[in-house]
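Data first, discussion second: the structure below is written as structure tokens.
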Amino acid sequence: MKRSDLSRFLNATVFRGLWIASAILIATISIAAELPSTRKAPVDNLTVMKPLPPPVVVFTGKALIVVPNGGSMSRYNLAVTNYQFYPPALFAQAPNLPPCGSNTNSARTWVEIYYRDQKQQPHRIYGFCALGSPQDLTRLWFALPEGGQKHPSPVYVVLNDRAMNKNYVSNPVDIYGPPSQIKPGNNP
């Protein structure tokens, strides 16, 4: 076999090998793209970041609300003063997680307000499932009907990161004391 024939033979063999390897690679990628995903939540920077602090909650005031039927309610306002330590990813829409009622784009993190009874059993008062940013933690509230019954105090807030299955529990806060003078974002 001449040198030029050998060279052509080797070039053709190498070309065929590369073509076959490319076809196998493309087939593998196509098959992998069609497989169902087993990941339940998006992977983001929260999987490698340092732990988050517990929320620091303050009572910011009370307002009397008159409802259409002539009754009244007390609205208690709360704020998480260290909201800036919670990344925006916690409040992103999470359509891959269970919905909040008919809201299929509820937030990744739900915020709930609780109190404990005399036996220290937790009772949910109110919750938020569609907060859009960490700053929204400065405008939490719950309302209870007026009518002679003392409202539960202290209350506390739980941030439930549903993607990471992690709860961040706040300090208890008295709703009968004076409103806090601490402004959100200016923690002592």
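In the structure tokens, chains take letters A, B, ... by order of appearance, with residues numbered from 1 within each chain and ligands from 1 in the order shown.
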
Discussion item. Need the shell around stretch 162-164 of chain A: protein/DNA/RNA residues with any atom at most 7 Å away, counting only C-alpha atoms. Skip same-chain ones fewer than 2 positions apart. Format as a list in words?
Written reply: Ala41, Arg108, Thr109, Asn160 and Lys166 of chain A

Skip stretch 54-68 of chain A itself and residues of its chain fewer than 6 positions away, then list as a short mmCIF file (atom, residue, chain, number, x, y, z; two decimals) with C-alpha atoms, in the first residue's frame all residues within 8 Å of it, counting only C-alpha atoms.
data_model
loop_
_atom_site.label_atom_id
_atom_site.label_comp_id
_atom_site.auth_asym_id
_atom_site.auth_seq_id
_atom_site.Cartn_x
_atom_site.Cartn_y
_atom_site.Cartn_z
CA SER A 74 -57.93 44.51 65.94
CA ARG A 75 -55.14 44.41 63.41
CA TYR A 76 -51.72 43.71 64.94
CA ASN A 77 -48.71 44.75 62.88
CA LEU A 78 -45.37 42.96 63.08
CA ALA A 79 -42.00 43.39 61.37
CA VAL A 80 -38.95 41.19 60.94
CA THR A 81 -36.14 43.64 61.68
CA ASN A 82 -33.36 41.46 60.24
CA TYR A 83 -35.14 40.86 56.92
CA TYR A 156 -44.09 34.39 67.07
CA VAL A 157 -43.32 34.05 63.37
CA LEU A 159 -40.50 31.21 58.03
CA TYR A 168 -36.76 29.66 60.96
CA VAL A 169 -38.55 30.48 64.24
CA SER A 170 -38.58 34.01 65.66
CA ASN A 171 -38.48 35.32 69.18
CA PRO A 172 -41.84 35.64 70.98
CA VAL A 173 -43.26 39.17 70.87
CA ASP A 174 -45.81 40.76 73.23
CA ILE A 175 -48.70 42.42 71.37
CA PRO A 178 -45.89 49.54 73.38
CA PRO A 179 -44.91 49.40 69.70
CA SER A 180 -41.21 48.92 69.07
CA GLN A 181 -39.08 51.91 68.16
CA ILE A 182 -36.62 49.64 66.31
#

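Of note, atom CA of A:Pro88 and atom CA of A:His123 are spaced 27.8 Å apart.
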
Item to complete: Give the strand (DSSP E or B) residues of stretch 52-154 of chain A, as assigned by DSSP on the backbone, as a PyMOL selection string.
Response: chain A and resi 57-66+72-80+93+100+103+107+109-116+122-128+140-145

Item to complete: Do a neighbour search on A:Pro122 at 12 Å with only C-alpha atoms, toss out local chain neighbours closer than 2 positions, and write the hits as a ChimeraX atom specification.
Response: /A:112-120,124-125,152-158

Worksheet entry | Atomic distance atom CA of A:Ser133 - atom CA of A:Ala92, expressed in Å with one decimal |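 Computing the Euclidean distance for atom CA of A:Ser133 and atom CA of A:Ala92 yields 7.7 Å.
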
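With distances taken over only C-alpha atoms, A:Tyr86 is the one residue among A:Pro53, A:Pro95, A:Gly177, A:Tyr86 lying closest to A:Asp136.
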